[in-house]
Every structure is written in structure tokens, then in C-alpha cells.
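Q: Take a look at final37.txt, compact mmCIF, C-alpha atoms:
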```txt
# COMPACT_ATOMS: atom_id res chain seq x y z
CA MET P 644 4.08 -19.19 -17.59
CA ARG P 645 2.52 -15.81 -18.40
CA ALA P 646 3.46 -12.64 -16.54
CA ILE P 647 3.23 -8.84 -16.80
CA ALA P 648 6.78 -7.54 -17.18
CA GLN P 649 8.80 -4.52 -18.26
CA GLN P 650 12.43 -3.99 -19.19
CA ARG P 651 12.85 -0.22 -18.78
CA TYR P 652 11.26 2.65 -16.92
CA GLY P 653 8.27 4.34 -18.49
CA SER P 654 4.48 4.50 -18.61
CA ALA P 655 2.08 1.59 -18.42
CA GLU P 656 2.78 1.08 -22.13
CA GLU P 657 6.03 -0.58 -21.04
CA LEU P 658 4.09 -3.37 -19.32
CA ARG P 659 3.79 -6.44 -21.54
CA LEU P 660 2.08 -9.82 -21.21
CA VAL P 661 4.98 -12.21 -21.84
CA ASP P 662 6.10 -15.78 -21.26
CA VAL P 663 8.72 -16.18 -18.53
CA GLU P 664 10.40 -19.11 -16.84
CA THR P 665 8.30 -20.89 -14.21
CA PRO P 666 9.81 -20.29 -10.74
CA VAL P 667 10.89 -23.19 -8.52
CA PRO P 668 10.49 -22.84 -4.73
CA GLY P 669 13.72 -23.05 -2.75
CA GLU P 670 14.45 -23.59 0.93
CA GLY P 671 11.75 -21.90 3.01
CA GLU P 672 9.71 -20.85 -0.02
CA VAL P 673 6.25 -21.62 -1.38
CA LEU P 674 5.07 -21.65 -5.00
CA VAL P 675 1.64 -19.99 -5.26
CA ARG P 676 -0.76 -20.14 -8.18
CA VAL P 677 -2.00 -16.56 -8.23
CA ARG P 678 -5.77 -16.11 -8.43
CA ALA P 679 -5.78 -12.34 -7.93
CA ALA P 680 -3.29 -9.51 -7.45
CA ALA P 681 -3.74 -5.92 -6.29
CA VAL P 682 -2.24 -2.74 -7.72
CA ASN P 683 -0.49 -0.32 -5.37
CA ALA P 684 1.10 3.10 -5.80
CA ARG P 685 4.36 1.22 -5.29
CA ASP P 686 3.83 -0.49 -8.65
CA TRP P 687 3.63 2.68 -10.72
CA HIS P 688 6.43 4.32 -8.76
CA ILE P 689 8.73 1.40 -9.66
CA MET P 690 7.33 1.22 -13.20
CA ARG P 691 8.32 4.86 -13.82
CA GLY P 692 11.43 4.97 -11.62
CA ASP P 693 9.75 7.73 -9.63
CA PRO P 694 11.16 9.63 -7.84
CA TYR P 695 14.73 9.74 -9.14
CA LEU P 696 16.05 9.68 -5.58
CA ALA P 697 14.52 6.21 -5.10
CA ARG P 698 16.82 4.85 -7.81
CA LEU P 699 19.71 5.58 -5.46
CA ALA P 700 18.05 5.03 -2.08
CA LEU P 701 16.17 1.79 -2.81
CA PRO P 702 18.47 -0.41 -4.91
CA ALA P 703 16.58 -3.61 -4.05
CA SER P 704 13.67 -2.42 -6.21
CA PHE P 705 15.07 0.31 -8.48
CA GLY P 706 17.80 -0.23 -11.04
CA PRO P 707 19.60 2.57 -12.94
CA ARG P 708 17.54 2.25 -16.16
CA GLY P 709 14.74 -0.11 -15.23
CA PRO P 710 13.19 -1.96 -12.29
CA ARG P 711 15.44 -4.45 -10.55
CA ARG P 712 12.90 -7.19 -11.26
CA ALA P 713 11.01 -7.33 -14.53
CA VAL P 714 7.67 -8.76 -13.29
CA ARG P 715 5.54 -6.19 -11.47
CA GLY P 716 3.22 -6.64 -8.53
CA SER P 717 3.61 -7.35 -4.82
CA ASP P 718 0.12 -8.15 -3.42
CA PHE P 719 -1.53 -11.48 -4.27
CA ALA P 720 -3.96 -14.18 -3.17
CA GLY P 721 -3.98 -17.71 -4.48
CA VAL P 722 -3.49 -21.42 -3.85
CA VAL P 723 -0.29 -23.19 -2.85
CA GLU P 724 1.01 -25.15 -5.83
CA ALA P 725 4.15 -26.61 -4.24
CA VAL P 726 6.42 -26.11 -1.23
CA GLY P 727 10.18 -25.98 -1.00
CA PRO P 728 12.45 -27.91 1.37
CA GLY P 729 11.83 -27.30 5.06
CA VAL P 730 8.29 -25.90 4.65
CA THR P 731 5.79 -27.50 7.04
CA SER P 732 3.31 -24.66 7.75
CA PHE P 733 1.78 -24.73 4.26
CA ALA P 734 0.76 -27.54 1.92
CA PRO P 735 -0.42 -27.76 -1.70
CA GLY P 736 -4.05 -26.69 -1.93
CA ASP P 737 -3.89 -24.15 0.93
CA GLU P 738 -5.50 -20.80 0.17
CA VAL P 739 -3.05 -18.00 0.98
CA TYR P 740 -2.41 -14.28 0.60
CA GLY P 741 0.72 -12.19 0.89
CA ASP P 742 2.96 -9.31 -0.09
CA LEU P 743 6.15 -9.98 -2.04
CA ARG P 744 7.50 -6.46 -1.45
CA GLU P 745 10.98 -6.09 -2.97
CA HIS P 746 10.80 -9.59 -4.47
CA ASP P 747 7.93 -8.49 -6.77
CA GLY P 748 6.41 -10.92 -9.28
CA ALA P 749 2.71 -11.05 -8.27
CA PHE P 750 1.43 -10.11 -11.74
CA ALA P 751 2.01 -13.67 -12.95
CA GLU P 752 0.34 -17.05 -13.06
CA LEU P 753 2.78 -18.41 -10.45
CA ALA P 754 4.80 -16.63 -7.75
CA ARG P 755 7.64 -17.84 -5.54
CA VAL P 756 7.06 -16.55 -2.02
CA PRO P 757 9.29 -16.61 1.10
CA LEU P 758 7.47 -17.89 4.20
CA ASP P 759 7.78 -14.56 6.02
CA TYR P 760 5.73 -12.89 3.29
CA LEU P 761 2.77 -15.27 3.38
CA ALA P 762 -0.27 -16.16 5.52
CA HIS P 763 -3.41 -18.27 5.23
CA LYS P 764 -6.21 -16.42 3.44
CA PRO P 765 -8.98 -15.08 5.69
CA ALA P 766 -12.10 -17.23 5.62
CA GLY P 767 -15.07 -15.68 3.85
CA LEU P 768 -13.06 -13.46 1.51
CA THR P 769 -12.84 -13.98 -2.22
CA PHE P 770 -9.37 -14.11 -3.77
CA GLU P 771 -9.96 -10.63 -5.18
CA GLN P 772 -10.87 -9.25 -1.76
CA ALA P 773 -7.94 -10.96 -0.07
CA ALA P 774 -5.46 -9.68 -2.66
CA ALA P 775 -6.54 -6.12 -1.82
CA VAL P 776 -5.35 -6.43 1.78
CA PRO P 777 -1.62 -7.14 2.23
CA LEU P 778 0.44 -4.01 1.50
CA ALA P 779 -2.27 -1.46 2.27
CA GLY P 780 -3.61 -3.31 5.30
CA THR P 781 -0.24 -3.96 6.92
CA THR P 782 0.87 -0.37 6.24
CA ALA P 783 -2.21 0.95 8.02
CA LEU P 784 -1.69 -1.53 10.87
CA VAL P 785 1.97 -0.60 11.43
CA ALA P 786 1.21 3.12 11.17
CA LEU P 787 -1.62 3.11 13.72
CA GLN P 788 -0.70 0.24 16.04
CA ASP P 789 3.11 0.40 16.14
CA MET P 790 4.06 3.96 15.19
CA ALA P 791 1.13 6.03 16.52
CA GLN P 792 0.13 3.56 19.26
CA VAL P 793 -3.51 4.63 19.00
CA ARG P 794 -5.45 4.26 22.25
CA PRO P 795 -9.22 4.07 22.85
CA GLY P 796 -10.86 7.48 23.02
CA GLU P 797 -8.19 9.30 21.03
CA THR P 798 -8.91 11.43 17.98
CA VAL P 799 -7.34 10.33 14.69
CA LEU P 800 -7.24 12.24 11.39
CA ILE P 801 -6.41 10.36 8.20
CA ASN P 802 -5.34 12.47 5.22
CA GLY P 803 -6.06 10.33 2.17
CA ALA P 804 -8.86 8.33 3.78
CA SER P 805 -10.35 7.05 0.51
CA GLY P 806 -7.12 5.54 -0.84
CA GLY P 807 -5.86 1.99 -0.52
CA VAL P 808 -4.13 2.46 2.84
CA GLY P 809 -6.65 5.04 4.00
CA THR P 810 -9.69 2.77 3.69
CA PHE P 811 -8.00 0.24 5.97
CA ALA P 812 -6.74 2.94 8.34
CA VAL P 813 -10.24 4.32 8.91
CA GLN P 814 -11.55 0.89 9.86
CA LEU P 815 -8.58 -0.09 12.02
CA ALA P 816 -8.64 3.20 13.92
CA LYS P 817 -12.31 2.61 14.69
CA ALA P 818 -11.52 -0.96 15.77
CA PHE P 819 -8.91 0.48 18.16
CA GLY P 820 -11.61 2.66 19.74
CA ALA P 821 -10.65 6.03 18.24
CA THR P 822 -12.82 8.85 16.96
CA VAL P 823 -11.90 9.14 13.29
CA THR P 824 -11.87 12.07 10.87
CA GLY P 825 -11.22 11.26 7.22
CA VAL P 826 -9.96 13.73 4.60
CA CYS P 827 -10.95 13.02 0.99
CA SER P 828 -12.52 14.53 -2.13
CA THR P 829 -16.21 15.30 -2.58
CA ARG P 830 -16.99 12.12 -4.53
CA ASN P 831 -15.54 9.92 -1.77
CA LEU P 832 -17.33 11.42 1.24
CA GLY P 833 -19.94 8.66 1.20
CA LEU P 834 -17.37 5.87 0.98
CA VAL P 835 -15.34 7.14 3.93
CA THR P 836 -18.51 7.61 6.00
CA GLU P 837 -19.62 4.06 5.19
CA LEU P 838 -16.24 2.77 6.36
CA GLY P 839 -16.98 4.20 9.80
CA ALA P 840 -15.46 7.69 9.93
CA ASP P 841 -17.14 9.90 12.54
CA ASP P 842 -16.38 13.05 10.57
CA VAL P 843 -15.33 13.66 6.96
CA ILE P 844 -13.54 16.71 5.57
CA ASP P 845 -13.83 17.55 1.88
CA TYR P 846 -10.36 18.87 1.00
CA THR P 847 -11.76 20.74 -2.02
CA ARG P 848 -13.73 22.96 0.37
CA GLU P 849 -11.73 22.98 3.60
CA ASP P 850 -8.04 22.89 4.51
CA PHE P 851 -7.81 20.71 7.60
CA THR P 852 -4.47 22.30 8.57
CA ARG P 853 -6.16 25.71 8.93
CA SER P 854 -9.37 24.66 10.68
CA GLY P 855 -8.00 25.11 14.20
CA ARG P 856 -8.97 21.57 15.19
CA ARG P 857 -6.36 19.39 16.89
CA TYR P 858 -5.92 15.60 16.86
CA ASP P 859 -4.08 13.06 18.96
CA VAL P 860 -2.90 11.25 15.83
CA VAL P 861 -2.54 12.48 12.26
CA LEU P 862 -1.78 9.84 9.62
CA ASP P 863 -0.67 11.54 6.41
CA LEU P 864 -0.92 9.36 3.29
CA VAL P 865 -0.74 12.06 0.63
CA ALA P 866 2.39 14.17 1.31
CA ASN P 867 0.67 17.31 0.00
CA ARG P 868 1.15 19.48 3.11
CA SER P 869 4.28 20.86 4.72
CA LEU P 870 5.68 19.30 7.87
CA GLY P 871 4.99 22.54 9.75
CA ASP P 872 1.34 22.65 8.70
CA LEU P 873 0.82 19.02 9.66
CA LYS P 874 2.35 19.54 13.10
CA LYS P 875 -0.05 22.45 13.73
CA THR P 876 -2.94 19.96 13.68
CA LEU P 877 -1.59 17.99 16.66
CA THR P 878 -2.54 18.18 20.33
CA PRO P 879 0.39 18.79 22.72
CA GLN P 880 0.94 15.02 23.02
CA GLY P 881 -0.10 14.28 19.45
CA ARG P 882 1.77 12.04 17.01
CA LEU P 883 2.25 12.59 13.28
CA VAL P 884 2.83 9.45 11.20
CA LEU P 885 3.97 9.86 7.58
CA SER P 886 3.40 7.19 4.97
CA GLY P 887 2.58 9.23 1.89
CA GLY P 888 3.02 7.58 -1.49
CA GLY P 889 2.29 10.85 -3.22
CA THR P 890 0.35 11.37 -6.41
CA SER P 891 1.33 11.10 -10.05
CA ALA P 892 3.02 14.08 -11.67
CA GLY P 893 1.43 13.34 -15.03
CA GLY P 894 3.96 10.70 -15.95
CA ARG P 895 7.16 12.69 -15.41
CA PRO P 896 9.36 11.33 -12.59
CA ARG P 897 10.25 13.87 -9.92
CA VAL P 898 13.55 14.26 -8.15
CA PHE P 899 12.30 13.83 -4.57
CA GLY P 900 8.51 13.38 -4.73
CA PRO P 901 6.97 12.32 -1.40
CA MET P 902 10.44 11.39 -0.13
CA ALA P 903 11.14 15.09 0.48
CA LEU P 904 8.58 15.25 3.30
CA VAL P 905 9.81 11.95 4.76
CA ILE P 906 13.42 13.22 4.77
CA ARG P 907 12.39 16.37 6.65
CA ALA P 908 10.43 14.24 9.12
CA ARG P 909 13.38 11.91 9.73
CA LEU P 910 15.61 14.89 10.42
CA ALA P 911 13.04 16.33 12.85
CA ALA P 912 12.75 13.00 14.65
CA ARG P 913 16.54 12.60 14.78
CA PHE P 914 16.84 16.01 16.44
CA GLY P 915 14.41 15.07 19.18
CA ASP P 916 10.91 15.84 17.88
CA ARG P 917 9.04 12.87 19.36
CA ARG P 918 5.75 13.91 17.79
CA VAL P 919 6.99 13.15 14.27
CA ARG P 920 7.07 9.46 13.40
CA PRO P 921 7.92 8.53 9.80
CA MET P 922 7.39 4.92 8.85
CA PRO P 923 10.49 2.71 9.28
CA ASP P 924 12.98 2.32 6.43
CA VAL P 925 12.73 -1.45 6.77
CA PRO P 926 9.16 -2.40 7.76
CA PRO P 927 8.44 -5.68 9.54
CA THR P 928 8.04 -8.69 7.25
CA PRO P 929 4.37 -9.07 6.32
CA ALA P 930 3.49 -12.46 7.86
CA SER P 931 2.76 -11.33 11.45
CA GLY P 932 0.74 -8.34 10.26
CA LEU P 933 -1.24 -10.52 7.85
CA GLU P 934 -2.12 -12.89 10.70
CA THR P 935 -3.29 -9.96 12.84
CA LEU P 936 -5.36 -8.57 9.98
CA ARG P 937 -6.92 -11.98 9.38
CA GLY P 938 -8.60 -11.71 12.80
CA TYR P 939 -10.11 -8.31 11.99
CA LEU P 940 -11.20 -9.46 8.53
CA GLU P 941 -12.84 -12.67 9.73
CA SER P 942 -14.66 -10.83 12.53
CA GLY P 943 -16.03 -8.29 10.06
CA GLU P 944 -14.44 -5.30 11.82
CA VAL P 945 -12.41 -4.61 8.68
CA ALA P 946 -13.45 -5.25 5.07
CA PRO P 947 -11.53 -4.56 1.84
CA ALA P 948 -12.96 -1.80 -0.32
CA VAL P 949 -12.42 -2.57 -4.02
CA ASP P 950 -12.95 0.13 -6.65
CA ARG P 951 -12.47 -1.90 -9.85
CA THR P 952 -11.36 -5.35 -10.94
CA PHE P 953 -9.47 -5.85 -14.21
CA PRO P 954 -8.70 -9.10 -16.07
CA PHE P 955 -5.10 -10.28 -16.13
CA ALA P 956 -4.62 -9.39 -19.79
CA ARG P 957 -5.53 -5.76 -18.96
CA ALA P 958 -3.11 -5.40 -16.04
CA ALA P 959 -1.37 -2.45 -17.69
CA GLU P 960 -4.73 -0.66 -17.84
CA ALA P 961 -5.24 -1.37 -14.13
CA VAL P 962 -1.90 0.26 -13.26
CA ARG P 963 -2.71 3.24 -15.49
CA TYR P 964 -6.13 3.61 -13.85
CA LEU P 965 -4.62 3.73 -10.37
CA GLU P 966 -1.90 6.19 -11.34
CA ILE P 967 -3.69 8.60 -13.66
CA GLU P 968 -7.41 8.40 -12.91
CA HIS P 969 -7.23 8.79 -9.14
CA ALA P 970 -8.85 5.48 -8.24
CA ARG P 971 -10.32 5.21 -4.80
CA ALA P 972 -9.84 2.27 -2.45
CA LYS P 973 -8.19 -0.75 -4.13
CA VAL P 974 -7.72 -1.82 -7.75
CA VAL P 975 -7.48 -5.57 -8.30
CA ILE P 976 -6.37 -7.84 -11.16
CA SER P 977 -8.23 -11.15 -11.41
CA MET P 978 -6.66 -14.15 -13.07
CA GLY P 979 -10.09 -15.70 -13.50
CA THR P 980 -11.62 -13.05 -15.78
CA THR P 981 -11.02 -12.34 -19.45
```
Let me see the file written as C-alpha cells.
A:
Amino acid sequence: MRAIAQQRYGSAEELRLVDVETPVPGEGEVLVRVRAAAVNARDWHIMRGDPYLARLALPASFGPRGPRRAVRGSDFAGVVEAVGPGVTSFAPGDEVYGDLREHDGAFAELARVPLDYLAHKPAGLTFEQAAAVPLAGTTALVALQDMAQVRPGETVLINGASGGVGTFAVQLAKAFGATVTGVCSTRNLGLVTELGADDVIDYTREDFTRSGRRYDVVLDLVANRSLGDLKKTLTPQGRLVLSGGGTSAGGRPRVFGPMALVIRARLAARFGDRRVRPMPDVPPTPASGLETLRGYLESGEVAPAVDRTFPFARAAEAVRYLEIEHARAKVVISMGTT
């Protein structure tokens, strides 16, 4: 089968369309024919081996000289091709979506998926729309529902509201009954407003950490402010949730990158600061979150926002676009376009 793979760390030029062995589903696994896959910041971080600290801290994904697994991609939507022994909840022909996480391999014609990483595709969504959901949607859900425990009537600020996770976070926070402020660039003010934000801050004109306004929950997805500045934006009982993937450093891997802020936050939380809540080292497996999201997606309370769709043969260009050109919302690779 065809797949997008790389052998060593580097730019998107290292990504090649190659023939690889067709996977066979094992016990508790499903073989999915991929119809669409989404690009995440995770993909270019692993592609480049960025930051260097991740090569030591995350050995399941990062090897010493190249990614642990050659085929890139974690988010996908497609159709069940075959099931392995012991699988009764899915059957060939079922439409599904999921997040392979450390297993990777979504940028391929076929993907082998453990049951805990898979759910039935939401009705009414195209494969391209469904592929945009898993990693970003479940990250937003865990951050707001589990870590911040957002309650109706609370105020929530989302730094990075126009990104992949941010576009879902704005909608989920509104669904939870919060008043939402989104932080984004000038060109994305309209998008974030359309997603339901009650207020939008243009970071090119205003620094939200110096405005004097306070929020019950701050979800930081950018890691471009200090921990002290972020804490200043909280109410006395406010909660700060950190899930920043950071931005590209022009192709040169950094030593710490966004992990520096997360490390400081973990130390603060360990020493008793209950307002600081970094995302867990080992997040819950995707299946339960995907089922929860399916309800919001089918009701129309949440909808994927897709910036651009690229054909499979141009997957490397899709990764480059997300990393270098500051794409907004989600970037998707479609297996059905040329």
C-alpha cells in the first residue's frame, strides 16, 4: 500500500510517498481504509524531532535520529476493511474515525487501529470533516471538561482560539454554558466570532495579560506567555490549563520549546498551586472522548472548521503549510482527491 513516510528528522522534504507493507489487524484491532487524515502540530514536531527534550522524554514517538515510526499522521476517518480476533463492536463497512496517537500511521491507504483509539463516525459529517476532529477535539474536551471543569456562567479565555484545538475549545466552552473570550490574530477575528466567542482579542493590538481583566478559566494553547503573566489573568478561584503545542522556530528544533512552560507548570502544581493544571502526561485513550464529541457534532453544537484540504500525494505540502504558513483551524488530507 502507499503511505507518507520518513526515515530521519528534518523538514517536510523528508516526507516521501512510498510503498509499505499492508498491516494486518491483530487481537483487538481494526484495519481501516483511510478516506481522510488531518495534520496536527504533533506531526511536524515529530517530523523535525522538535524539541530536543522530547527525544528523551517521549521515546514512544521520538527516536534518537528519526521518528520511532516511519509513517506520519494520527488523525483519520475511513471505513472498516477488516477486524481482528475478538472484535465485535465494529464490522467491515462501518464508517469510523479515530486518533492513533503514538501508534501513528494515518497518512496511508490502510491503518491498523486498536479499539480504544476508534469510534463510529458522526452522522452528517464528511470523512474530511470527521478526520479534523479526533486529536484537537479530544484535547479541547479534556482541557475544559476534565482539567478546568468549566461550569455554566463562568468566563473562559482561550489563547490560540483560531487554531485546531482552539476552534473546538471555543465551541465546547459555549456548549458548557460559559462566556468565551478568544485570542487570535487580526485575520482570524471573524472566524472566532462565527464559532461563538462572546469577545475576541486581537493579540497584535492588545496583550490580554496586561488588560486587567480576569477569567475563571484560561486555556493556553500557544505557550508564548510566562507562567506568571498567565496566572495574573485568573480570578481568585481561577484555573489555568496548559496545552500549548508552540509555534515553529523556522525549521530549527529547539531544546525545550513549549515543554519549558509545561515543566514550570508541573513544578508549580506539585508544590501546591491548585490553579495551575497542565494536561496529563498520559491522556485518556481517545475512544470515550470521541463518543462524547459525536453527540456534540451530531447535535450541531460543535462543527469542525477546516482551513484547507490537500490531496494525498501532496501530504508533505499540507504539513509544511500547517507548520510554516500559520494555518488556521484544521488542515486535512483527502485520499479521494488528486
Q: Could you check the closest approach to Gly692 (chain P) for each of P:Leu877, P:Tyr652, P:Asp747, P:Pro921 and tell me which residue wins, using all atoms listed in the file?
A: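 Nearest candidate to Gly692 (chain P) out of P:Leu877, P:Tyr652, P:Asp747, P:Pro921: P:Tyr652.
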Q: Tell me, as a list in words, which residues lie within 9 Å of region 840-850 of chain P, counting only C-alpha atoms; anything in the same chain fewer than 3 positions away does not count.
A: Ala804, Val813, Gln814, Lys817, Thr822, Val823, Thr824, Gly825, Val826, Cys827, Ser828, Thr829, Arg830, Asn831, Leu832, Gly833, Val835, Thr836, Glu837, Arg853 and Ser854 of chain P
Q: May I have the centre and edge lengths, in Å to one decimal, of an axis-aligned box around the listed atoms of region 921-930 of chain P with 3 Å added to every side, as lines of an AutoDock Vina configuration file?
A:
```
center_x = 8.2
center_y = -2.0
center_z = 8.1
size_x = 15.5
size_y = 27.0
size_z = 9.5
```
Q: Can you measure CA of Glu966 (chain P) to CA of Val865 (chain P) for me? One decimal in Å is fine.
A: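 Between CA of Glu966 (chain P) and CA of Val865 (chain P) the gap works out to 13.4 Å.
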Q: Show me the residues close to (6.0, -10.9, -17.9) - anything with an atom within 10 Å, counting all atoms listed in the file - and format the list as a VMD selection string.
A: chain P and resid 644 to 650 658 to 664 713 to 715 748 750 to 752
Q: One decimal, in Å: what's the spacing between CA of Glu656 (chain P) and CA of Ala959 (chain P)?
A: 7.0 Å
Q: Which is closer to Glu745 (chain P) than all the others in P:Pro929, P:Gly820, P:Val785, P:Val677, using all atoms listed in the file?
A: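 Using all atoms listed in the file, Glu745 (chain P) sits closest to P:Pro929.
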Q: Between CA of Phe705 (chain P) and CA of Ala783 (chain P), what distance in Å does the model show, to one decimal?
A: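 Separation of CA of Phe705 (chain P) and CA of Ala783 (chain P): 23.9 Å.
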Q: Take region 867-887 of chain P from the block and save it with N, CA, C and O atoms, as an mmCIF file, in the first residue's frame.
A:
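Everything below was put into part08.cif:
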```cif
data_model
loop_
_atom_site.group_PDB
_atom_site.id
_atom_site.type_symbol
_atom_site.label_atom_id
_atom_site.label_comp_id
_atom_site.auth_asym_id
_atom_site.auth_seq_id
_atom_site.Cartn_x
_atom_site.Cartn_y
_atom_site.Cartn_z
ATOM 1 N N ASN P 867 3.222 31.179 24.621
ATOM 2 C CA ASN P 867 4.009 32.372 24.284
ATOM 3 C C ASN P 867 3.963 33.426 25.379
ATOM 4 O O ASN P 867 4.335 34.574 25.158
ATOM 5 N N ARG P 868 3.487 33.048 26.567
ATOM 6 C CA ARG P 868 3.465 33.939 27.722
ATOM 7 C C ARG P 868 4.089 33.211 28.908
ATOM 8 O O ARG P 868 4.083 31.986 28.969
ATOM 9 N N SER P 869 4.602 33.968 29.854
ATOM 10 C CA SER P 869 5.199 33.350 31.036
ATOM 11 C C SER P 869 4.102 32.812 31.944
ATOM 12 O O SER P 869 2.940 33.246 31.879
ATOM 13 N N LEU P 870 4.485 31.886 32.808
ATOM 14 C CA LEU P 870 3.521 31.327 33.750
ATOM 15 C C LEU P 870 2.986 32.417 34.670
ATOM 16 O O LEU P 870 1.781 32.461 34.966
ATOM 17 N N GLY P 871 3.863 33.327 35.099
ATOM 18 C CA GLY P 871 3.431 34.413 35.968
ATOM 19 C C GLY P 871 2.420 35.327 35.311
ATOM 20 O O GLY P 871 1.418 35.708 35.920
ATOM 21 N N ASP P 872 2.656 35.686 34.051
ATOM 22 C CA ASP P 872 1.709 36.543 33.331
ATOM 23 C C ASP P 872 0.362 35.860 33.153
ATOM 24 O O ASP P 872 -0.690 36.500 33.273
ATOM 25 N N LEU P 873 0.374 34.576 32.852
ATOM 26 C CA LEU P 873 -0.879 33.849 32.664
ATOM 27 C C LEU P 873 -1.673 33.774 33.967
ATOM 28 O O LEU P 873 -2.899 33.938 33.971
ATOM 29 N N LYS P 874 -0.990 33.566 35.068
ATOM 30 C CA LYS P 874 -1.682 33.477 36.356
ATOM 31 C C LYS P 874 -2.311 34.811 36.754
ATOM 32 O O LYS P 874 -3.330 34.830 37.461
ATOM 33 N N LYS P 875 -1.738 35.928 36.289
ATOM 34 C CA LYS P 875 -2.303 37.239 36.604
ATOM 35 C C LYS P 875 -3.686 37.442 35.987
ATOM 36 O O LYS P 875 -4.422 38.330 36.392
ATOM 37 N N THR P 876 -4.020 36.655 34.985
ATOM 38 C CA THR P 876 -5.313 36.809 34.311
ATOM 39 C C THR P 876 -6.428 36.023 34.993
ATOM 40 O O THR P 876 -7.572 36.049 34.524
ATOM 41 N N LEU P 877 -6.123 35.318 36.077
ATOM 42 C CA LEU P 877 -7.106 34.462 36.736
ATOM 43 C C LEU P 877 -7.846 35.176 37.863
ATOM 44 O O LEU P 877 -7.271 36.010 38.569
ATOM 45 N N THR P 878 -9.095 34.815 38.068
ATOM 46 C CA THR P 878 -9.832 35.213 39.267
ATOM 47 C C THR P 878 -9.255 34.449 40.456
ATOM 48 O O THR P 878 -8.480 33.499 40.280
ATOM 49 N N PRO P 879 -9.614 34.813 41.687
ATOM 50 C CA PRO P 879 -9.061 34.106 42.848
ATOM 51 C C PRO P 879 -9.259 32.586 42.805
ATOM 52 O O PRO P 879 -8.398 31.846 43.288
ATOM 53 N N GLN P 880 -10.342 32.121 42.242
ATOM 54 C CA GLN P 880 -10.600 30.688 42.138
ATOM 55 C C GLN P 880 -10.387 30.176 40.710
ATOM 56 O O GLN P 880 -10.840 29.079 40.363
ATOM 57 N N GLY P 881 -9.682 30.952 39.915
ATOM 58 C CA GLY P 881 -9.497 30.600 38.508
ATOM 59 C C GLY P 881 -8.563 29.423 38.305
ATOM 60 O O GLY P 881 -7.768 29.063 39.177
ATOM 61 N N ARG P 882 -8.671 28.818 37.113
ATOM 62 C CA ARG P 882 -7.844 27.661 36.760
ATOM 63 C C ARG P 882 -7.146 27.935 35.434
ATOM 64 O O ARG P 882 -7.781 28.389 34.474
ATOM 65 N N LEU P 883 -5.851 27.633 35.398
ATOM 66 C CA LEU P 883 -5.044 27.787 34.196
ATOM 67 C C LEU P 883 -4.711 26.399 33.656
ATOM 68 O O LEU P 883 -4.070 25.597 34.341
ATOM 69 N N VAL P 884 -5.139 26.118 32.427
ATOM 70 C CA VAL P 884 -4.862 24.835 31.788
ATOM 71 C C VAL P 884 -3.896 25.076 30.639
ATOM 72 O O VAL P 884 -4.127 25.937 29.794
ATOM 73 N N LEU P 885 -2.810 24.302 30.607
ATOM 74 C CA LEU P 885 -1.763 24.476 29.596
ATOM 75 C C LEU P 885 -1.750 23.290 28.648
ATOM 76 O O LEU P 885 -1.636 22.148 29.064
ATOM 77 N N SER P 886 -1.878 23.595 27.363
ATOM 78 C CA SER P 886 -1.809 22.545 26.345
ATOM 79 C C SER P 886 -1.200 23.133 25.075
ATOM 80 O O SER P 886 -1.673 22.892 23.977
ATOM 81 N N GLY P 887 -0.138 23.923 25.252
ATOM 82 C CA GLY P 887 0.429 24.645 24.123
ATOM 83 C C GLY P 887 1.371 23.804 23.298
ATOM 84 O O GLY P 887 2.350 23.272 23.810
#
```
